[in-house]
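What follows is a short report on a single structure.
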Amino acid sequence: MKKLGTAVIGTGFWGKNHARVYSELESTELVAICDVNRERAKAVANQFGVKAYTSSSRMLKNEDVEALSVCTWSTKLAEEALKALKAGKHVLVEKPMATRTKQAEKLLGVAEENGLHLTVGFLMRFIPGLQHIREAVENKKIGELVCATAKRVSQWPERIGDVGVVKDTAIHDIDVMRYVSNEDPIGVYAKTGSMRHRKFEDYAQIMLTYEDGKSAFIESNWLTPYKTRSLTVTGSDAIMRLDYMTQELWIEEPKENLQPRYPWQEPLKLELKHFADCVSEKKKPLITGVDGLKALQIAEAALRSSAKNRAIKLR
Ligand SMILES: NC(=O)c1ccc[n+]([C@@H]2O[C@H](COP(=O)([O-])OP(=O)(O)OC[C@H]3O[C@@H](n4cnc5c(N)ncnc54)[C@H](O)[C@@H]3O)[C@@H](O)[C@H]2O)c1
C-alpha cells in the first residue's frame with residue numbers, strides 16, 4: 001500500500017511529536033517539515049531524515065506532501081492552514097484552529113470548495129476511556145445525563161504567549177462536552193481573570209447549559225503547581241470518572257464500582273492514524289472543521305460572558 005506523504009508546519013514542543021508519529025506510522029511517510037526558526041527546522045529535519053523548510057509556501061509546492069499538520073503558534077494556525085488548503089493539501093490544524101471564528105469559517109469554506117479534509121487536534125476524543133463515556137451516555141448506561149465536570153489545571157507553560165487559557169486549554173473540554181453530550185449547549189456563563197500572565201487570562205471557570213436542564217462545568221487554569229486533567233460525568237444511575245493522563249476510567253454504580261481497563265495508547269498516534277486513514281479512504285473524520293468552529297464560538301462567548309458579567313445565549 002502506498003504511504004500517505006505528510007509534513008508538519010511548526011515543529012516546536014508539539015509539532016515535533018507530530019513529525020515523530022508520522023515517521024512511525026505504517027500508513028504515513030514524513031516527507032518534509034517547516035519551521036520559521038531555521039535552527040529548529042534543521043535539527044528536526046535531521047532527526048527524521050527529511051527536507052527542512054523555513055517557508056511554508058515553498059514546502060507547499062512539494063507534490064509529495066499530500067496531507068499535513070499545522071502546529072505553529074496559535075495566532076498563526078489559521079493563516080498556515082489556509083495556505084495549505086489553497087495549495088490542495090489535506091489539513092489537521094491544531095487547536096484552537098484559529099484565533100477568531102471568521103478565520104475558522106474561511107478554512108471550512110476553502111476545504112469544502114477544494115474537496116479536502118480539514119480536521120482539528122482535539123486529542124482527548126482519541127482516548128479510549130472518553131469514547132467509553134460517550135457510548136455509555138448515548139446508550140443511557142448511566143441513566144440520564146445530569147452534568148459533567150472537567151478540570152484541566154497546571155502551571156503556565158511559558159512558551160504559550162499568544163492566547164489565554166480559554167482558547168489554549170479550556171477549548172479541549174468545550175469540545176469534550178459537545179462530544180460526550182452529542183449536543184450543543186444553549187448558553188454559557190464564565191468567570192475569567194489573570195493573576196500571573198501579563199496579556200491574557202490565566203484562569204477560567206465556564207458553565208455550559210443545555211436545553212433539557214443538564215449542564216457542564218469547566219475549570220481551567222495556569223496557576224496550579226501540579227497538573228490535573230480529569231472528567232467526571234454524572235448520570236441519574238451512575239457516575240463515571242476519567243483521568244486523561246493515566247487513561248484510567250472508574251464507574252460508580254449503586255451496587256458496584258467498575259474499572260474497565262484499556263491498555264494505555266498514545267492519543268496522538270491514534271489521532272494521526274485516523275487522519276491518514278480518513279484521507280486515504282475518503283472517510284469523514286471523527287472531528288470536522290465544524291467541530292473546531294463550534295468550540296471556538298463557545299470559547300469566544302465564554303470570554304464575552306466574563307467581560308460583560310452575564311450569561312450569553314448561544315442560540
Ligand atoms: N492538541 C494538543 O493536545 C496540543 C498540545 C500542545 C500544543 N498544541 C497546539 O500546538 C501548537 C504549537 O504549540 P507548541 O507548544 O508546540 O508551541 P511552540 O512555541 O513550542 O512551537 C511552535 C513552533 O511553530 C513555529 N512557527 C510559528 N509560526 C510559524 C509559521 N508561520 N511557519 C512555520 N513555523 C512557525 C515556531 O518557530 C515554533 O517552533 C499550538 O497551537 C498549541 O495550541 C496542541
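Scheme for the C-alpha cells: letters A, B, ... for chains in order shown; per-chain residue numbers from 1; ligand numbers from 1 in order shown.
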Q: Could you tell me, as a ChimeraX atom specification, which residues of segment 42-91 of chain A DSSP assigns to strand (DSSP E) when given the backbone?
A: /A:51-53,67-70,90-91
Contacts to ligand 1 at 7 Å cut-off (only C-alpha atoms and all ligand atoms) as a PDB file with N, CA and C atoms, in the first residue's frame:
```pdb
ATOM      1  N   ILE A   9       3.975  21.756   9.739  1.00  0.00           N
ATOM      2  CA  ILE A   9       4.372  23.174   9.768  1.00  0.00           C
ATOM      3  C   ILE A   9       4.399  23.607  11.230  1.00  0.00           C
ATOM      4  N   GLY A  10       5.558  24.008  11.719  1.00  0.00           N
ATOM      5  CA  GLY A  10       5.711  24.392  13.127  1.00  0.00           C
ATOM      6  C   GLY A  10       6.169  23.178  13.913  1.00  0.00           C
ATOM      7  N   THR A  11       7.483  23.086  14.163  1.00  0.00           N
ATOM      8  CA  THR A  11       7.999  21.886  14.840  1.00  0.00           C
ATOM      9  C   THR A  11       8.624  22.252  16.187  1.00  0.00           C
ATOM     10  N   GLY A  12       7.822  22.927  17.006  1.00  0.00           N
ATOM     11  CA  GLY A  12       8.245  23.245  18.372  1.00  0.00           C
ATOM     12  C   GLY A  12       7.919  22.071  19.278  1.00  0.00           C
ATOM     13  N   PHE A  13       7.528  22.376  20.510  1.00  0.00           N
ATOM     14  CA  PHE A  13       7.223  21.342  21.513  1.00  0.00           C
ATOM     15  C   PHE A  13       6.267  20.276  20.966  1.00  0.00           C
ATOM     16  N   TRP A  14       5.186  20.695  20.348  1.00  0.00           N
ATOM     17  CA  TRP A  14       4.144  19.750  19.959  1.00  0.00           C
ATOM     18  C   TRP A  14       4.326  19.222  18.525  1.00  0.00           C
ATOM     19  N   GLY A  15       4.728  20.121  17.613  1.00  0.00           N
ATOM     20  CA  GLY A  15       4.896  19.713  16.216  1.00  0.00           C
ATOM     21  C   GLY A  15       5.945  18.615  16.040  1.00  0.00           C
ATOM     22  N   CYS A  34       8.561  22.117   8.302  1.00  0.00           N
ATOM     23  CA  CYS A  34       8.827  23.550   8.126  1.00  0.00           C
ATOM     24  C   CYS A  34       8.737  24.259   9.466  1.00  0.00           C
ATOM     25  N   ASP A  35       9.713  25.094   9.752  1.00  0.00           N
ATOM     26  CA  ASP A  35       9.630  25.957  10.942  1.00  0.00           C
ATOM     27  C   ASP A  35      10.342  27.263  10.606  1.00  0.00           C
ATOM     28  N   VAL A  36       9.770  28.368  11.039  1.00  0.00           N
ATOM     29  CA  VAL A  36      10.398  29.664  10.755  1.00  0.00           C
ATOM     30  C   VAL A  36      11.727  29.810  11.503  1.00  0.00           C
ATOM     31  N   ASN A  37      11.905  29.022  12.532  1.00  0.00           N
ATOM     32  CA  ASN A  37      13.176  29.017  13.261  1.00  0.00           C
ATOM     33  C   ASN A  37      14.116  28.041  12.543  1.00  0.00           C
ATOM     34  N   ARG A  40      15.844  25.184  14.465  1.00  0.00           N
ATOM     35  CA  ARG A  40      14.892  24.143  14.872  1.00  0.00           C
ATOM     36  C   ARG A  40      14.495  23.300  13.666  1.00  0.00           C
ATOM     37  N   THR A  54      12.040  26.683   5.772  1.00  0.00           N
ATOM     38  CA  THR A  54      11.691  27.756   6.706  1.00  0.00           C
ATOM     39  C   THR A  54      10.530  28.575   6.130  1.00  0.00           C
ATOM     40  N   SER A  55      10.156  28.271   4.891  1.00  0.00           N
ATOM     41  CA  SER A  55       9.000  28.941   4.288  1.00  0.00           C
ATOM     42  C   SER A  55       7.965  27.890   3.911  1.00  0.00           C
ATOM     43  N   SER A  56       6.774  28.010   4.481  1.00  0.00           N
ATOM     44  CA  SER A  56       5.740  27.006   4.178  1.00  0.00           C
ATOM     45  C   SER A  56       5.319  27.111   2.713  1.00  0.00           C
ATOM     46  N   CYS A  71       1.066  23.092  13.335  1.00  0.00           N
ATOM     47  CA  CYS A  71       1.342  23.134  14.785  1.00  0.00           C
ATOM     48  C   CYS A  71       2.128  24.397  15.140  1.00  0.00           C
ATOM     49  N   THR A  72       1.821  25.492  14.487  1.00  0.00           N
ATOM     50  CA  THR A  72       2.517  26.761  14.753  1.00  0.00           C
ATOM     51  C   THR A  72       1.962  27.390  16.025  1.00  0.00           C
ATOM     52  N   TRP A  73       2.443  28.580  16.369  1.00  0.00           N
ATOM     53  CA  TRP A  73       1.811  29.345  17.453  1.00  0.00           C
ATOM     54  C   TRP A  73       0.334  29.491  17.102  1.00  0.00           C
ATOM     55  N   SER A  74      -0.504  29.562  18.124  1.00  0.00           N
ATOM     56  CA  SER A  74      -1.959  29.580  17.885  1.00  0.00           C
ATOM     57  C   SER A  74      -2.390  30.721  16.969  1.00  0.00           C
ATOM     58  N   LYS A  76      -0.975  31.817  14.460  1.00  0.00           N
ATOM     59  CA  LYS A  76      -0.555  31.594  13.068  1.00  0.00           C
ATOM     60  C   LYS A  76      -1.246  30.377  12.444  1.00  0.00           C
ATOM     61  N   LEU A  77      -2.024  29.646  13.252  1.00  0.00           N
ATOM     62  CA  LEU A  77      -2.612  28.389  12.769  1.00  0.00           C
ATOM     63  C   LEU A  77      -3.494  28.605  11.538  1.00  0.00           C
ATOM     64  N   GLU A  80      -1.620  29.581   8.254  1.00  0.00           N
ATOM     65  CA  GLU A  80      -0.873  28.475   7.644  1.00  0.00           C
ATOM     66  C   GLU A  80      -1.814  27.389   7.124  1.00  0.00           C
ATOM     67  N   GLU A  94      -3.973  22.253  14.488  1.00  0.00           N
ATOM     68  CA  GLU A  94      -4.025  22.108  15.943  1.00  0.00           C
ATOM     69  C   GLU A  94      -5.108  23.022  16.524  1.00  0.00           C
ATOM     70  N   LYS A  95      -5.548  22.679  17.745  1.00  0.00           N
ATOM     71  CA  LYS A  95      -6.466  23.587  18.445  1.00  0.00           C
ATOM     72  C   LYS A  95      -5.690  24.838  18.822  1.00  0.00           C
ATOM     73  N   PRO A  96      -6.259  26.020  18.855  1.00  0.00           N
ATOM     74  CA  PRO A  96      -7.692  26.315  18.746  1.00  0.00           C
ATOM     75  C   PRO A  96      -8.174  26.527  17.305  1.00  0.00           C
ATOM     76  N   GLY A 121      -7.123  19.328  16.041  1.00  0.00           N
ATOM     77  CA  GLY A 121      -6.407  18.482  17.006  1.00  0.00           C
ATOM     78  C   GLY A 121      -7.032  18.365  18.384  1.00  0.00           C
ATOM     79  N   PHE A 122      -8.298  17.952  18.431  1.00  0.00           N
ATOM     80  CA  PHE A 122      -8.923  17.704  19.736  1.00  0.00           C
ATOM     81  C   PHE A 122      -8.587  16.273  20.167  1.00  0.00           C
ATOM     82  N   LEU A 123      -7.404  16.170  20.733  1.00  0.00           N
ATOM     83  CA  LEU A 123      -6.767  14.896  21.047  1.00  0.00           C
ATOM     84  C   LEU A 123      -7.560  14.020  22.018  1.00  0.00           C
ATOM     85  N   ARG A 159       5.913  28.984  27.112  1.00  0.00           N
ATOM     86  CA  ARG A 159       6.053  29.150  25.663  1.00  0.00           C
ATOM     87  C   ARG A 159       4.729  29.629  25.049  1.00  0.00           C
ATOM     88  N   ILE A 160       3.622  29.470  25.771  1.00  0.00           N
ATOM     89  CA  ILE A 160       2.329  29.902  25.231  1.00  0.00           C
ATOM     90  C   ILE A 160       2.090  31.344  25.622  1.00  0.00           C
ATOM     91  N   ASP A 168      -6.541  28.219  24.630  1.00  0.00           N
ATOM     92  CA  ASP A 168      -5.462  27.216  24.602  1.00  0.00           C
ATOM     93  C   ASP A 168      -5.870  25.921  25.284  1.00  0.00           C
TER      94      ASP A 168
END
```
> Thr232 of chain A: which residues within 7 Å, counting only C-alpha atoms, same-chain residues fewer than 2 positions away excluded, as a list in words?
Replying inline: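 That gives Ala148, Thr149, Ala150, Ser230, Thr234, Met240, Arg241 and Leu242 of chain A.
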Note to self: Please extract the residues of segment 15-241 of chain A with a backbone DSSP assignment of alpha helix (DSSP H) and present them as a VMD selection string.
What the structure shows: chain A and resid 15 to 24 38 to 48 56 to 59 77 to 86 101 to 113 128 to 138 165 171 to 181
How would the residues just chosen look if you wrote them out with C-alpha atoms as a compact mmCIF listing (two decimals), in the first residue's frame?
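Generated file (result.txt):
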```txt
# COMPACT_ATOMS: atom_id res chain seq x y z
CA GLY A 15 4.90 19.71 16.22
CA LYS A 16 7.98 17.58 16.87
CA ASN A 17 5.66 14.88 18.18
CA HIS A 18 3.53 15.08 15.02
CA ALA A 19 6.70 14.63 12.97
CA ARG A 20 7.78 11.63 15.06
CA VAL A 21 4.37 9.95 14.79
CA TYR A 22 4.13 10.47 11.01
CA SER A 23 7.57 8.88 10.74
CA GLU A 24 6.48 5.92 12.92
CA ARG A 38 15.99 27.82 10.96
CA GLU A 39 17.97 26.00 13.67
CA ARG A 40 14.89 24.14 14.87
CA ALA A 41 13.83 23.25 11.33
CA LYS A 42 17.27 21.83 10.58
CA ALA A 43 17.50 19.88 13.85
CA VAL A 44 14.06 18.27 13.47
CA ALA A 45 14.57 17.51 9.77
CA ASN A 46 17.92 15.87 10.53
CA GLN A 47 16.38 13.81 13.31
CA PHE A 48 13.88 12.29 10.87
CA SER A 56 5.74 27.01 4.18
CA SER A 57 4.92 28.49 0.74
CA ARG A 58 7.99 26.75 -0.64
CA MET A 59 7.22 23.48 1.13
CA LEU A 77 -2.61 28.39 12.77
CA ALA A 78 -5.39 29.76 10.55
CA GLU A 79 -3.02 31.58 8.18
CA GLU A 80 -0.87 28.47 7.64
CA ALA A 81 -3.87 26.13 7.38
CA LEU A 82 -5.42 28.41 4.75
CA LYS A 83 -2.24 28.42 2.66
CA ALA A 84 -2.07 24.62 2.85
CA LEU A 85 -5.71 24.16 1.84
CA LYS A 86 -5.27 26.60 -1.05
CA THR A 101 -14.28 32.49 14.28
CA LYS A 102 -14.22 34.38 10.95
CA GLN A 103 -10.85 32.74 10.15
CA ALA A 104 -12.23 29.31 11.06
CA GLU A 105 -15.25 29.86 8.79
CA LYS A 106 -12.91 30.74 5.93
CA LEU A 107 -10.99 27.46 6.45
CA LEU A 108 -14.23 25.47 6.31
CA GLY A 109 -15.24 27.18 3.07
CA VAL A 110 -11.91 26.61 1.31
CA ALA A 111 -11.70 22.96 2.44
CA GLU A 112 -15.20 22.31 1.14
CA GLU A 113 -14.62 24.10 -2.20
CA PRO A 128 -10.44 5.07 24.71
CA GLY A 129 -11.90 5.93 28.15
CA LEU A 130 -13.56 9.05 26.74
CA GLN A 131 -15.00 7.02 23.87
CA HIS A 132 -16.36 4.58 26.50
CA ILE A 133 -18.01 7.51 28.34
CA ARG A 134 -19.52 8.85 25.13
CA GLU A 135 -21.04 5.42 24.30
CA ALA A 136 -22.30 4.94 27.87
CA VAL A 137 -24.04 8.33 27.75
CA GLU A 138 -25.53 7.63 24.33
CA VAL A 165 -6.16 29.67 28.92
CA ILE A 171 -11.18 24.57 24.47
CA HIS A 172 -10.29 20.85 24.84
CA ASP A 173 -13.04 20.49 27.43
CA ILE A 174 -15.50 22.60 25.48
CA ASP A 175 -15.09 20.08 22.66
CA VAL A 176 -15.28 17.15 25.13
CA MET A 177 -18.63 18.44 26.44
CA ARG A 178 -20.04 18.67 22.90
CA TYR A 179 -18.70 15.17 22.18
CA VAL A 180 -19.96 13.47 25.36
CA SER A 181 -23.43 15.06 25.27
```
- request: Determine, counting only C-alpha atoms, which protein, DNA and RNA residues have an atom within 8 Å of an atom of segment 282-290 of chain A; residues of the same chain fewer than 2 positions away are not included. Present the result as a ChimeraX atom specification.
  value: /A:104,107-108,117-120,122,274-275,277-280,292-294
How would the residues just chosen look if you wrote them out with C-alpha atoms as a PDB file, in the first residue's frame?
```pdb
ATOM      1  CA  ALA A 104     -12.226  29.311  11.062  1.00  0.00           C
ATOM      2  CA  LEU A 107     -10.995  27.464   6.446  1.00  0.00           C
ATOM      3  CA  LEU A 108     -14.226  25.470   6.313  1.00  0.00           C
ATOM      4  CA  HIS A 117     -10.143  17.033   4.638  1.00  0.00           C
ATOM      5  CA  LEU A 118      -9.981  19.557   7.441  1.00  0.00           C
ATOM      6  CA  THR A 119      -9.774  18.253  10.986  1.00  0.00           C
ATOM      7  CA  VAL A 120      -8.798  19.798  14.330  1.00  0.00           C
ATOM      8  CA  PHE A 122      -8.923  17.704  19.736  1.00  0.00           C
ATOM      9  CA  HIS A 274      -7.261   8.227  11.950  1.00  0.00           C
ATOM     10  CA  PHE A 275      -6.491  11.396   9.935  1.00  0.00           C
ATOM     11  CA  ASP A 277      -6.962   6.656   7.145  1.00  0.00           C
ATOM     12  CA  CYS A 278      -9.734   9.200   6.527  1.00  0.00           C
ATOM     13  CA  VAL A 279      -7.697  10.898   3.783  1.00  0.00           C
ATOM     14  CA  SER A 280      -6.680   7.620   2.109  1.00  0.00           C
ATOM     15  CA  GLY A 292     -13.429  23.273  15.545  1.00  0.00           C
ATOM     16  CA  LEU A 293     -15.564  26.270  14.625  1.00  0.00           C
ATOM     17  CA  LYS A 294     -18.245  25.467  17.225  1.00  0.00           C
TER      18      LYS A 294
END
```
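Summary of the local environment: counting only C-alpha atoms, residues at most 9 Å from Lys199 of chain A, other than itself and those fewer than 3 positions away along its chain, are A:Gly161, A:Asp162, A:Val163, A:Gly164, A:Ser194.
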Could the residues in this selection be saved with N, CA and C atoms as a PDB file, in the first residue's frame?
```pdb
ATOM      1  N   GLY A 161       2.279  32.251  24.642  1.00  0.00           N
ATOM      2  CA  GLY A 161       2.170  33.663  24.973  1.00  0.00           C
ATOM      3  C   GLY A 161       1.211  34.404  24.072  1.00  0.00           C
ATOM      4  N   ASP A 162       0.517  33.681  23.175  1.00  0.00           N
ATOM      5  CA  ASP A 162      -0.292  34.403  22.186  1.00  0.00           C
ATOM      6  C   ASP A 162      -1.789  34.206  22.323  1.00  0.00           C
ATOM      7  N   VAL A 163      -2.222  33.316  23.208  1.00  0.00           N
ATOM      8  CA  VAL A 163      -3.651  33.187  23.542  1.00  0.00           C
ATOM      9  C   VAL A 163      -3.745  32.889  25.028  1.00  0.00           C
ATOM     10  N   GLY A 164      -4.959  33.039  25.584  1.00  0.00           N
ATOM     11  CA  GLY A 164      -5.139  32.765  27.006  1.00  0.00           C
ATOM     12  C   GLY A 164      -5.569  31.329  27.244  1.00  0.00           C
ATOM     13  N   SER A 194      -6.817  37.175  35.240  1.00  0.00           N
ATOM     14  CA  SER A 194      -5.379  36.977  35.095  1.00  0.00           C
ATOM     15  C   SER A 194      -4.680  37.303  36.407  1.00  0.00           C
TER      16      SER A 194
END
```
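When only C-alpha atoms are used to measure the gap to Tyr210 of chain A, the shortest distance among A:Leu223, A:Ile127, A:Val188, A:Ile239 belongs to A:Val188.
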Using only C-alpha atoms, what table do you get, as a Markdown table, when you list each residue of segment 166-240 of chain A with an atom no more than 6 Å from segment 300-311 of chain A, its nearest pair of atoms, and their distance in Å rounded to one decimal, rows by chain then rising number?
```
| residue | atom | partner | partner_atom | distance |
| --- | --- | --- | --- | --- |
| A:Val188 | CA | A:Ala311 | CA | 5.6 |
| A:Tyr189 | CA | A:Ala311 | CA | 4.4 |
| A:Ala190 | CA | A:Ser306 | CA | 5.0 |
| A:Lys191 | CA | A:Ser306 | CA | 4.8 |
| A:Thr192 | CA | A:Ser306 | CA | 5.9 |
```
Judged by only C-alpha atoms, the minimum distance to Gly115 of chain A among A:Met97, A:Leu25, A:Leu258, A:Val91 is found for A:Val91
Of A:Trp222, A:Trp264, A:Tyr53, A:Phe200, the one nearest to Asp243 of chain A when counting only C-alpha atoms is A:Trp264
Quick check, in Å to one decimal: how far apart do atom CA of Val233 of chain A and atom CA of Cys147 of chain A lie?
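Distance reported for this atom pair: 6.1 Å.
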